[in-house]
Amino acid sequence: MAKKVFKAVFKKADSSTFETIQRTLKEKELAVYIHIPFCRSICLYCPYVRYVVHDPKVISKYVDALEAEIRLYGNLLRDLDLSIVDIHAGGGTPSLLSGEQFERILSTLAECFETKSEIAIEANPEDLTDESRVFDLVDHGVTEVSLGVQSFNPQMLRRLGRRHSVEDSIRSIENLRQAGVNRINIDMMYMIPGQSIDDWERDLEIAVEQDVDEITCYPTLITEYCPGYRLVKKRKISQPNKRTFKKMVYATEDLLSSRGFEPVEIYGYSRKHGWKYVTVNYEMEGPLLGIGCGAMGFTGGCEYVNTCSVSEYIRSTFNEKIPVAGARLVSSKERAIRYTVCRLFVCRDLKFEDFRLKFKEDFRNVIGRSSFSGFLTLLRLLRYIQGYPKGIRLTRKGLFTAHLVCWAFVSNVPCRICEEYMKTAWPTEVTIP
Ligand SMILES: C[S@@+](CC[C@H](N)C(=O)[O-])C[C@H]1O[C@@H](n2cnc3c(N)ncnc32)[C@H](O)[C@@H]1O
Ligand code: SF4
């Protein structure tokens with residue numbers, strides 16, 4: 001079933017791919033995602049494009065390559081009059097870069113596009129325990145931080161293979177506030193092998209006591225190519241079952257909502273009204289320019305992935321060749337379905353007016369006439385979603401189903417893309433799942 005629903009074929013890029021990227025960028029406002037594929041070590045269940053590198057010389061060369069790639073896009077898209085409205089750096093570990101390196105990236109973007117001079121980054125707690133490092137990042141344009149706390153339980157941190165301690169996380173949060181960051185998210189993980197529902201609730205109790213604006217809770221995905229997969233396969237350690245998963249989802253919802261954190265996504269809970277650390281909307285809905293080794297981009301009509309080899313990425317950008325390894329066309333119908341899935345199953349709410357603004361057509365005209373509308377009717381009958389005059393929203397009953405849908409999507413699409421493209425730098429064709 002997943003094989004059919006999520007099937008996508010990426011073809012090796014050629015010169016026509018770059019024209020396609022240009023041609024399919026129809027909106028004036030876009031987001032930029034910058035991938036930093038380096039880590040100090042690899043966590044047991046990490047499914048992303050990441051390599052153990054913390055040599056400053058390699059990082060410095062990589063930042064030069066990022067600048068080169070931004071300039072290539074600056075040239076390609078020069079006449080489109082684009083405006084960058086959001087810049088995120090993810091990883092890997094963006095907090096391995098210095099403030100000055102982020103400033104260089106921001107000023108290169110500003111040379112090429114109309115843009116803002118602020119960047120949101122993912123950070124690892126062990127990088128932010130030194131106050132002066134945090135001030136350095138803030139002084140050079142870092143305004144939002146998503147900190148990978150994962151757990152306040154030392155045993156869970158060990159099970160995930162994390163390098164940092166609970167104290168490191170607490171100190172990093174304090175440092176971020178001291179340095180004036182007023183948009184702090186912390187990432188937490190549940191469904192950790194061996195974790196009980198009590199362990200998870202205790203973790204959440206500590207999380208809500210922290211001075212943070214958002215708490216994002218991810219169920220742990222265990223993919224075949226992560227280092228911990230074999231441990232789980234050999235049953236040395238097992239993940240909580242589906243029943244516990246469901247209990248954990250609703251425990252998260254109830255505990256965080258009762259402590260002043262409003263659900264803003266199925267994963268994210270915010271106590272800063274109107275703010276959430278956004279990444280998934282741009283990835284799913286576009287337009288998003290993906291920059292860096294292993295970055296994925298989506299223009300709205302074309303989805304692409306950059307080579308996942310660091311050396312090939314650097315070589316390609318230094319040779320003035322855009323480092324796209326694979327791309328595929330996305331029809332407007334597929335994009336509309338992607339948007340609907342993202343709004344309903346991730347953001348919990350689809351507003352007809354937002355849909356109309358994005359697609360210049362009525363939701364009912366586009367989705368109502370597609371095969372996807374039968375699926376929505378079924379979800380409505382099951383009371384997983386509910387219509388209201390201005391849109392459709394996810395119900396409490398539907399929350400767990402939304403988690404299952406997203407779990408299936410993430411394992412079968414982005415995780416599979418990473419896995420395949422990490423095998424070969426420039427494959428001819430990749431079919432996922
Ligand atoms: C792209 S990672 C990078 C962030 C940063 N390097 C870190 O680990 O703190 C962003 C978030 O993904 C989540 N994550 C990592 N491994 C995961 C897994 N196997 N399943 C679900 N979420 C995961 C973690 O909460 C992490 O903070
Ligand atoms: S979870 Fe974060 S720190 Fe750990 S390997 Fe993945 S990207 Fe690196």
# chains A, B, ... in the order shown; residues from 1 in each chain; ligands from 1
call {"tool": "residues_near_ligand", "arguments": {"ligand": "ligand 1", "cutoff": "8 Å", "atoms": "only C-alpha atoms and all ligand atoms", "output": "short mmCIF file (atom, residue, chain, number, x, y, z; two decimals) with C-alpha atoms, in the first residue's frame"}}
result
data_model
loop_
_atom_site.label_atom_id
_atom_site.label_comp_id
_atom_site.auth_asym_id
_atom_site.auth_seq_id
_atom_site.Cartn_x
_atom_site.Cartn_y
_atom_site.Cartn_z
CA CYS A 39 27.88 16.11 13.61
CA CYS A 43 23.09 9.31 17.38
CA LEU A 44 21.73 5.75 17.31
CA TYR A 45 18.46 6.40 15.48
CA CYS A 46 19.30 9.41 13.34
CA PRO A 47 17.73 9.14 9.86
CA TYR A 48 19.14 12.35 8.35
CA GLY A 90 19.04 22.41 9.90
CA GLY A 91 21.14 19.36 10.06
CA GLY A 92 23.19 17.66 11.08
CA THR A 93 24.40 20.31 13.45
CA PRO A 94 24.19 23.98 12.41
CA GLU A 122 18.78 23.88 14.95
CA ALA A 123 21.34 23.54 17.74
CA ASN A 124 22.78 20.80 19.90
CA PRO A 125 22.94 21.51 23.65
CA SER A 146 15.41 24.88 18.02
CA LEU A 147 17.44 23.04 20.65
CA GLY A 148 17.76 19.25 20.47
CA VAL A 149 17.12 18.44 24.14
CA GLN A 150 15.36 15.10 23.37
CA ARG A 162 23.38 11.64 22.72
CA ILE A 186 13.06 22.49 22.36
CA ASP A 187 12.80 19.15 20.57
CA MET A 188 11.83 16.16 22.70
CA MET A 189 11.66 12.51 21.62
CA THR A 216 8.12 19.88 19.82
CA CYS A 217 7.66 16.17 20.49
CA TYR A 218 8.71 13.60 17.90
CA PRO A 219 8.01 9.88 18.08
CA THR A 220 11.31 8.07 17.42
CA LEU A 221 11.52 6.62 13.93
CA ILE A 222 13.87 3.70 13.49
CA THR A 223 14.94 3.32 9.88
CA CYS A 226 20.41 4.15 11.33
#
call {"tool": "residues_around", "arguments": {"residues": "A:Thr401", "least_positions_apart": "6", "cutoff": "10 Å", "atoms": "only C-alpha atoms", "output": "ChimeraX atom specification"}}
result
/A:246,345,379,384,394,407
call {"tool": "write_last_selection", "arguments": {"atoms": "N, CA and C atoms", "output": "PDB file, in the first residue's frame"}}
result
ATOM      1  N   LYS A 246      -0.089   5.314  21.198  1.00  0.00           N
ATOM      2  CA  LYS A 246      -1.337   6.080  21.268  1.00  0.00           C
ATOM      3  C   LYS A 246      -1.455   6.785  22.621  1.00  0.00           C
ATOM      4  N   PHE A 345      -3.093  17.099   8.556  1.00  0.00           N
ATOM      5  CA  PHE A 345      -2.463  16.090   9.408  1.00  0.00           C
ATOM      6  C   PHE A 345      -1.271  16.602  10.194  1.00  0.00           C
ATOM      7  N   LEU A 379     -12.623   9.890   6.176  1.00  0.00           N
ATOM      8  CA  LEU A 379     -12.094  10.421   7.439  1.00  0.00           C
ATOM      9  C   LEU A 379     -13.167  11.208   8.194  1.00  0.00           C
ATOM     10  N   TYR A 384     -12.580  11.616  12.140  1.00  0.00           N
ATOM     11  CA  TYR A 384     -11.177  11.977  12.344  1.00  0.00           C
ATOM     12  C   TYR A 384     -10.945  13.438  11.949  1.00  0.00           C
ATOM     13  N   LEU A 394      -8.671  18.803  12.149  1.00  0.00           N
ATOM     14  CA  LEU A 394      -8.423  17.480  12.716  1.00  0.00           C
ATOM     15  C   LEU A 394      -9.133  17.417  14.072  1.00  0.00           C
ATOM     16  N   TRP A 407       3.905   9.353  10.265  1.00  0.00           N
ATOM     17  CA  TRP A 407       4.947   8.346  10.513  1.00  0.00           C
ATOM     18  C   TRP A 407       5.229   7.579   9.213  1.00  0.00           C
TER      19      TRP A 407
END
call {"tool": "closest_residue", "arguments": {"among": "A:Ser238, A:Ser311, A:Thr428, A:Thr17", "to": "A:Ile59", "atoms": "only C-alpha atoms"}}
result
A:Ser311
call {"tool": "closest_residue", "arguments": {"among": "A:Val413, A:Ile184, A:Met284, A:Met422", "to": "A:Val346", "atoms": "only C-alpha atoms"}}
result
A:Met284
call {"tool": "select_by_dssp", "arguments": {"residues": "stretch 66-153 of chain A", "states": "helix (DSSP H, G or I)", "output": "PyMOL selection string"}}
result
chain A and resi 66-76+78-80+94-96+99-112+125-127+131-139
call {"tool": "closest_residue", "arguments": {"among": "A:Asp203, A:Glu429, A:Glu126, A:Glu334", "to": "ligand 2", "atoms": "only C-alpha atoms and all ligand atoms"}}
result
A:Glu126
call {"tool": "closest_residue", "arguments": {"among": "A:Ser41, A:Ser169, A:Asn175, A:Thr377", "to": "ligand 2", "atoms": "only C-alpha atoms and all ligand atoms"}}
result
A:Ser41
call {"tool": "residues_around", "arguments": {"residues": "A:Ile337", "least_positions_apart": "6", "cutoff": "9 Å", "atoms": "only C-alpha atoms", "output": "list of chain:residue names"}}
result
A:Ile367, A:Ser370, A:Phe372
call {"tool": "residues_around", "arguments": {"residues": "A:Arg171", "least_positions_apart": "4", "cutoff": "12 Å", "atoms": "only C-alpha atoms", "output": "list in words"}}
result
Asn124, Pro125, Glu126, Asp127, Leu128, Thr129, Asp130, Glu131, Val134, Leu147, Val149, His164, Ser165, Val166, Glu167, Asn175, Leu176, Arg177, Gln178, Gln210 and Asp211 of chain A
call {"tool": "write_last_selection", "arguments": {"atoms": "N, CA and C atoms", "output": "CSV table (one decimal), in the first residue's frame"}}
result
chain,number,residue,atom,x,y,z
A,124,ASN,N,22.6,21.9,18.9
A,124,ASN,CA,22.8,20.8,19.9
A,124,ASN,C,23.2,21.4,21.2
A,125,PRO,N,22.6,20.9,22.3
A,125,PRO,CA,22.9,21.5,23.6
A,125,PRO,C,24.4,21.6,24.0
A,126,GLU,N,25.2,20.6,23.6
A,126,GLU,CA,26.7,20.7,23.9
A,126,GLU,C,27.4,21.8,23.3
A,127,ASP,N,26.8,22.4,22.3
A,127,ASP,CA,27.4,23.6,21.6
A,127,ASP,C,27.1,24.9,22.2
A,128,LEU,N,26.1,24.9,23.1
A,128,LEU,CA,25.6,26.2,23.6
A,128,LEU,C,25.8,26.4,25.1
A,129,THR,N,26.6,25.5,25.7
A,129,THR,CA,26.9,25.6,27.2
A,129,THR,C,27.8,26.8,27.5
A,130,ASP,N,28.5,27.3,26.5
A,130,ASP,CA,29.4,28.4,26.7
A,130,ASP,C,28.7,29.7,26.3
A,131,GLU,N,28.5,30.5,27.2
A,131,GLU,CA,27.6,31.7,27.0
A,131,GLU,C,28.2,32.6,25.8
A,134,VAL,N,26.9,31.5,22.5
A,134,VAL,CA,25.5,31.9,22.2
A,134,VAL,C,25.4,33.4,21.8
A,147,LEU,N,16.4,23.7,19.9
A,147,LEU,CA,17.4,23.0,20.6
A,147,LEU,C,17.1,21.6,20.8
A,149,VAL,N,17.0,18.9,22.7
A,149,VAL,CA,17.1,18.4,24.1
A,149,VAL,C,16.8,16.9,24.2
A,164,HIS,N,25.3,15.0,25.0
A,164,HIS,CA,25.1,16.0,26.0
A,164,HIS,C,24.4,15.5,27.2
A,165,SER,N,24.5,16.2,28.3
A,165,SER,CA,23.9,15.8,29.6
A,165,SER,C,22.6,16.7,29.8
A,166,VAL,N,21.8,16.3,30.7
A,166,VAL,CA,20.6,17.1,31.1
A,166,VAL,C,21.0,18.5,31.5
A,167,GLU,N,22.1,18.6,32.2
A,167,GLU,CA,22.6,19.9,32.7
A,167,GLU,C,23.0,20.8,31.5
A,175,ASN,N,21.3,30.1,28.6
A,175,ASN,CA,22.2,31.0,27.8
A,175,ASN,C,21.4,31.7,26.7
A,176,LEU,N,20.5,30.9,26.0
A,176,LEU,CA,19.8,31.5,24.9
A,176,LEU,C,19.0,32.6,25.4
A,177,ARG,N,18.3,32.5,26.5
A,177,ARG,CA,17.5,33.6,27.0
A,177,ARG,C,18.3,34.8,27.4
A,178,GLN,N,19.5,34.5,28.1
A,178,GLN,CA,20.4,35.5,28.5
A,178,GLN,C,20.8,36.3,27.3
A,210,GLN,N,10.7,24.6,31.9
A,210,GLN,CA,11.8,25.4,31.3
A,210,GLN,C,11.3,26.7,30.7
A,211,ASP,N,12.1,27.7,30.6
A,211,ASP,CA,11.8,28.9,30.0
A,211,ASP,C,11.9,28.9,28.5
call {"tool": "atom_distance", "arguments": {"atom1": "atom CA of A:Pro240", "atom2": "atom CA of A:Asn281"}}
result
28.7 Å
call {"tool": "residues_around", "arguments": {"residues": "A:Gly387", "least_positions_apart": "4", "cutoff": "12 Å", "atoms": "only C-alpha atoms", "output": "PDB file with N, CA and C atoms, in the first residue's frame"}}
result
ATOM      1  N   LEU A 344      -3.950  19.481   7.179  1.00  0.00           N
ATOM      2  CA  LEU A 344      -4.848  18.695   8.037  1.00  0.00           C
ATOM      3  C   LEU A 344      -4.113  17.818   9.033  1.00  0.00           C
ATOM      4  N   ARG A 348      -3.135  20.598  11.644  1.00  0.00           N
ATOM      5  CA  ARG A 348      -4.429  20.340  12.285  1.00  0.00           C
ATOM      6  C   ARG A 348      -5.597  21.153  11.723  1.00  0.00           C
ATOM      7  N   ASP A 349      -5.362  22.054  10.789  1.00  0.00           N
ATOM      8  CA  ASP A 349      -6.446  22.937  10.359  1.00  0.00           C
ATOM      9  C   ASP A 349      -6.189  23.400   8.922  1.00  0.00           C
ATOM     10  N   LEU A 350      -7.181  23.181   8.057  1.00  0.00           N
ATOM     11  CA  LEU A 350      -7.057  23.684   6.695  1.00  0.00           C
ATOM     12  C   LEU A 350      -8.098  24.774   6.499  1.00  0.00           C
ATOM     13  N   LYS A 351      -7.627  25.968   6.188  1.00  0.00           N
ATOM     14  CA  LYS A 351      -8.576  27.070   5.978  1.00  0.00           C
ATOM     15  C   LYS A 351      -8.775  27.264   4.480  1.00  0.00           C
ATOM     16  N   PHE A 352     -10.071  27.288   4.072  1.00  0.00           N
ATOM     17  CA  PHE A 352     -10.375  27.397   2.634  1.00  0.00           C
ATOM     18  C   PHE A 352      -9.760  28.658   2.032  1.00  0.00           C
ATOM     19  N   LEU A 376     -11.053  11.839   2.107  1.00  0.00           N
ATOM     20  CA  LEU A 376     -11.473  12.848   3.098  1.00  0.00           C
ATOM     21  C   LEU A 376     -12.883  12.543   3.614  1.00  0.00           C
ATOM     22  N   THR A 377     -13.753  12.076   2.697  1.00  0.00           N
ATOM     23  CA  THR A 377     -15.121  11.732   3.122  1.00  0.00           C
ATOM     24  C   THR A 377     -15.076  10.610   4.153  1.00  0.00           C
ATOM     25  N   LEU A 379     -12.623   9.890   6.176  1.00  0.00           N
ATOM     26  CA  LEU A 379     -12.094  10.421   7.439  1.00  0.00           C
ATOM     27  C   LEU A 379     -13.167  11.208   8.194  1.00  0.00           C
ATOM     28  N   ARG A 380     -14.026  11.884   7.407  1.00  0.00           N
ATOM     29  CA  ARG A 380     -15.100  12.657   8.033  1.00  0.00           C
ATOM     30  C   ARG A 380     -16.122  11.723   8.684  1.00  0.00           C
ATOM     31  N   LEU A 381     -16.451  10.632   7.951  1.00  0.00           N
ATOM     32  CA  LEU A 381     -17.413   9.661   8.503  1.00  0.00           C
ATOM     33  C   LEU A 381     -16.864   9.010   9.771  1.00  0.00           C
ATOM     34  N   ARG A 383     -15.083  10.448  11.805  1.00  0.00           N
ATOM     35  CA  ARG A 383     -14.939  11.580  12.729  1.00  0.00           C
ATOM     36  C   ARG A 383     -13.483  11.867  13.101  1.00  0.00           C
ATOM     37  N   GLY A 391     -13.402  26.023   7.025  1.00  0.00           N
ATOM     38  CA  GLY A 391     -12.370  25.029   6.698  1.00  0.00           C
ATOM     39  C   GLY A 391     -12.660  23.639   7.232  1.00  0.00           C
ATOM     40  N   ILE A 392     -11.592  22.887   7.423  1.00  0.00           N
ATOM     41  CA  ILE A 392     -11.708  21.527   7.961  1.00  0.00           C
ATOM     42  C   ILE A 392     -10.630  21.387   9.021  1.00  0.00           C
ATOM     43  N   ARG A 393     -10.969  20.754  10.138  1.00  0.00           N
ATOM     44  CA  ARG A 393      -9.914  20.556  11.140  1.00  0.00           C
ATOM     45  C   ARG A 393      -9.841  19.104  11.611  1.00  0.00           C
ATOM     46  N   LEU A 394      -8.671  18.803  12.149  1.00  0.00           N
ATOM     47  CA  LEU A 394      -8.423  17.480  12.716  1.00  0.00           C
ATOM     48  C   LEU A 394      -9.133  17.417  14.072  1.00  0.00           C
ATOM     49  N   THR A 395      -9.761  16.281  14.368  1.00  0.00           N
ATOM     50  CA  THR A 395     -10.422  16.155  15.677  1.00  0.00           C
ATOM     51  C   THR A 395      -9.469  15.472  16.655  1.00  0.00           C
TER      52      THR A 395
END
call {"tool": "atom_distance", "arguments": {"atom1": "atom CA of A:Ala251", "atom2": "atom CA of A:Glu283"}}
result
27.9 Å
call {"tool": "closest_residue", "arguments": {"among": "A:Thr24, A:Thr431, A:Ser117, A:Ser95", "to": "ligand 2", "atoms": "only C-alpha atoms and all ligand atoms"}}
result
A:Ser95
call {"tool": "atom_distance", "arguments": {"atom1": "atom CA of A:Val52", "atom2": "atom CA of A:Leu160"}}
result
16.3 Å
call {"tool": "closest_residue", "arguments": {"among": "A:Ser15, A:Thr20, A:Ser83, A:Thr279", "to": "A:Tyr304", "atoms": "only C-alpha atoms"}}
result
A:Thr20
call {"tool": "decode", "arguments": {"residues": "stretch 174-196 of chain A", "atoms": "N, CA and C atoms", "output": "PDB file, in the first residue's frame"}}
result
ATOM      1  N   GLU A 174      19.151  28.471  29.327  1.00  0.00           N
ATOM      2  CA  GLU A 174      19.393  29.717  30.091  1.00  0.00           C
ATOM      3  C   GLU A 174      20.265  30.675  29.276  1.00  0.00           C
ATOM      4  N   ASN A 175      21.285  30.126  28.634  1.00  0.00           N
ATOM      5  CA  ASN A 175      22.180  30.980  27.834  1.00  0.00           C
ATOM      6  C   ASN A 175      21.442  31.650  26.679  1.00  0.00           C
ATOM      7  N   LEU A 176      20.544  30.885  26.047  1.00  0.00           N
ATOM      8  CA  LEU A 176      19.793  31.454  24.916  1.00  0.00           C
ATOM      9  C   LEU A 176      18.954  32.632  25.392  1.00  0.00           C
ATOM     10  N   ARG A 177      18.290  32.469  26.517  1.00  0.00           N
ATOM     11  CA  ARG A 177      17.466  33.571  27.047  1.00  0.00           C
ATOM     12  C   ARG A 177      18.339  34.771  27.430  1.00  0.00           C
ATOM     13  N   GLN A 178      19.455  34.475  28.110  1.00  0.00           N
ATOM     14  CA  GLN A 178      20.385  35.543  28.520  1.00  0.00           C
ATOM     15  C   GLN A 178      20.847  36.344  27.318  1.00  0.00           C
ATOM     16  N   ALA A 179      21.061  35.644  26.210  1.00  0.00           N
ATOM     17  CA  ALA A 179      21.586  36.311  25.016  1.00  0.00           C
ATOM     18  C   ALA A 179      20.477  37.033  24.246  1.00  0.00           C
ATOM     19  N   GLY A 180      19.243  36.910  24.718  1.00  0.00           N
ATOM     20  CA  GLY A 180      18.145  37.664  24.101  1.00  0.00           C
ATOM     21  C   GLY A 180      17.359  36.913  23.039  1.00  0.00           C
ATOM     22  N   VAL A 181      17.528  35.599  22.956  1.00  0.00           N
ATOM     23  CA  VAL A 181      16.723  34.858  21.964  1.00  0.00           C
ATOM     24  C   VAL A 181      15.311  34.753  22.527  1.00  0.00           C
ATOM     25  N   ASN A 182      14.339  35.288  21.791  1.00  0.00           N
ATOM     26  CA  ASN A 182      12.982  35.218  22.356  1.00  0.00           C
ATOM     27  C   ASN A 182      12.069  34.271  21.583  1.00  0.00           C
ATOM     28  N   ARG A 183      12.676  33.430  20.774  1.00  0.00           N
ATOM     29  CA  ARG A 183      11.918  32.355  20.139  1.00  0.00           C
ATOM     30  C   ARG A 183      12.723  31.063  20.287  1.00  0.00           C
ATOM     31  N   ILE A 184      12.451  30.369  21.380  1.00  0.00           N
ATOM     32  CA  ILE A 184      13.196  29.134  21.673  1.00  0.00           C
ATOM     33  C   ILE A 184      12.240  27.949  21.606  1.00  0.00           C
ATOM     34  N   ASN A 185      12.613  26.987  20.777  1.00  0.00           N
ATOM     35  CA  ASN A 185      11.886  25.715  20.751  1.00  0.00           C
ATOM     36  C   ASN A 185      12.813  24.639  21.317  1.00  0.00           C
ATOM     37  N   ILE A 186      12.250  23.669  22.041  1.00  0.00           N
ATOM     38  CA  ILE A 186      13.065  22.492  22.361  1.00  0.00           C
ATOM     39  C   ILE A 186      12.418  21.262  21.721  1.00  0.00           C
ATOM     40  N   ASP A 187      13.261  20.424  21.129  1.00  0.00           N
ATOM     41  CA  ASP A 187      12.796  19.149  20.568  1.00  0.00           C
ATOM     42  C   ASP A 187      12.896  18.082  21.637  1.00  0.00           C
ATOM     43  N   MET A 188      11.842  17.292  21.762  1.00  0.00           N
ATOM     44  CA  MET A 188      11.826  16.158  22.700  1.00  0.00           C
ATOM     45  C   MET A 188      11.482  14.898  21.891  1.00  0.00           C
ATOM     46  N   MET A 189      11.976  13.758  22.337  1.00  0.00           N
ATOM     47  CA  MET A 189      11.662  12.511  21.620  1.00  0.00           C
ATOM     48  C   MET A 189      10.994  11.502  22.553  1.00  0.00           C
ATOM     49  N   TYR A 190       9.977  10.818  22.007  1.00  0.00           N
ATOM     50  CA  TYR A 190       9.349   9.729  22.758  1.00  0.00           C
ATOM     51  C   TYR A 190       9.340   8.480  21.888  1.00  0.00           C
ATOM     52  N   MET A 191       8.714   7.382  22.403  1.00  0.00           N
ATOM     53  CA  MET A 191       8.818   6.087  21.695  1.00  0.00           C
ATOM     54  C   MET A 191      10.288   5.650  21.607  1.00  0.00           C
ATOM     55  N   ILE A 192      11.069   6.028  22.625  1.00  0.00           N
ATOM     56  CA  ILE A 192      12.476   5.612  22.681  1.00  0.00           C
ATOM     57  C   ILE A 192      12.485   4.155  23.145  1.00  0.00           C
ATOM     58  N   PRO A 193      13.289   3.289  22.559  1.00  0.00           N
ATOM     59  CA  PRO A 193      13.305   1.898  23.014  1.00  0.00           C
ATOM     60  C   PRO A 193      13.441   1.812  24.533  1.00  0.00           C
ATOM     61  N   GLY A 194      12.573   1.035  25.136  1.00  0.00           N
ATOM     62  CA  GLY A 194      12.625   0.828  26.582  1.00  0.00           C
ATOM     63  C   GLY A 194      11.924   1.916  27.393  1.00  0.00           C
ATOM     64  N   GLN A 195      11.396   2.955  26.732  1.00  0.00           N
ATOM     65  CA  GLN A 195      10.768   4.072  27.470  1.00  0.00           C
ATOM     66  C   GLN A 195       9.334   3.708  27.878  1.00  0.00           C
ATOM     67  N   SER A 196       8.962   4.033  29.113  1.00  0.00           N
ATOM     68  CA  SER A 196       7.582   3.775  29.550  1.00  0.00           C
ATOM     69  C   SER A 196       6.785   5.077  29.464  1.00  0.00           C
TER      70      SER A 196
END
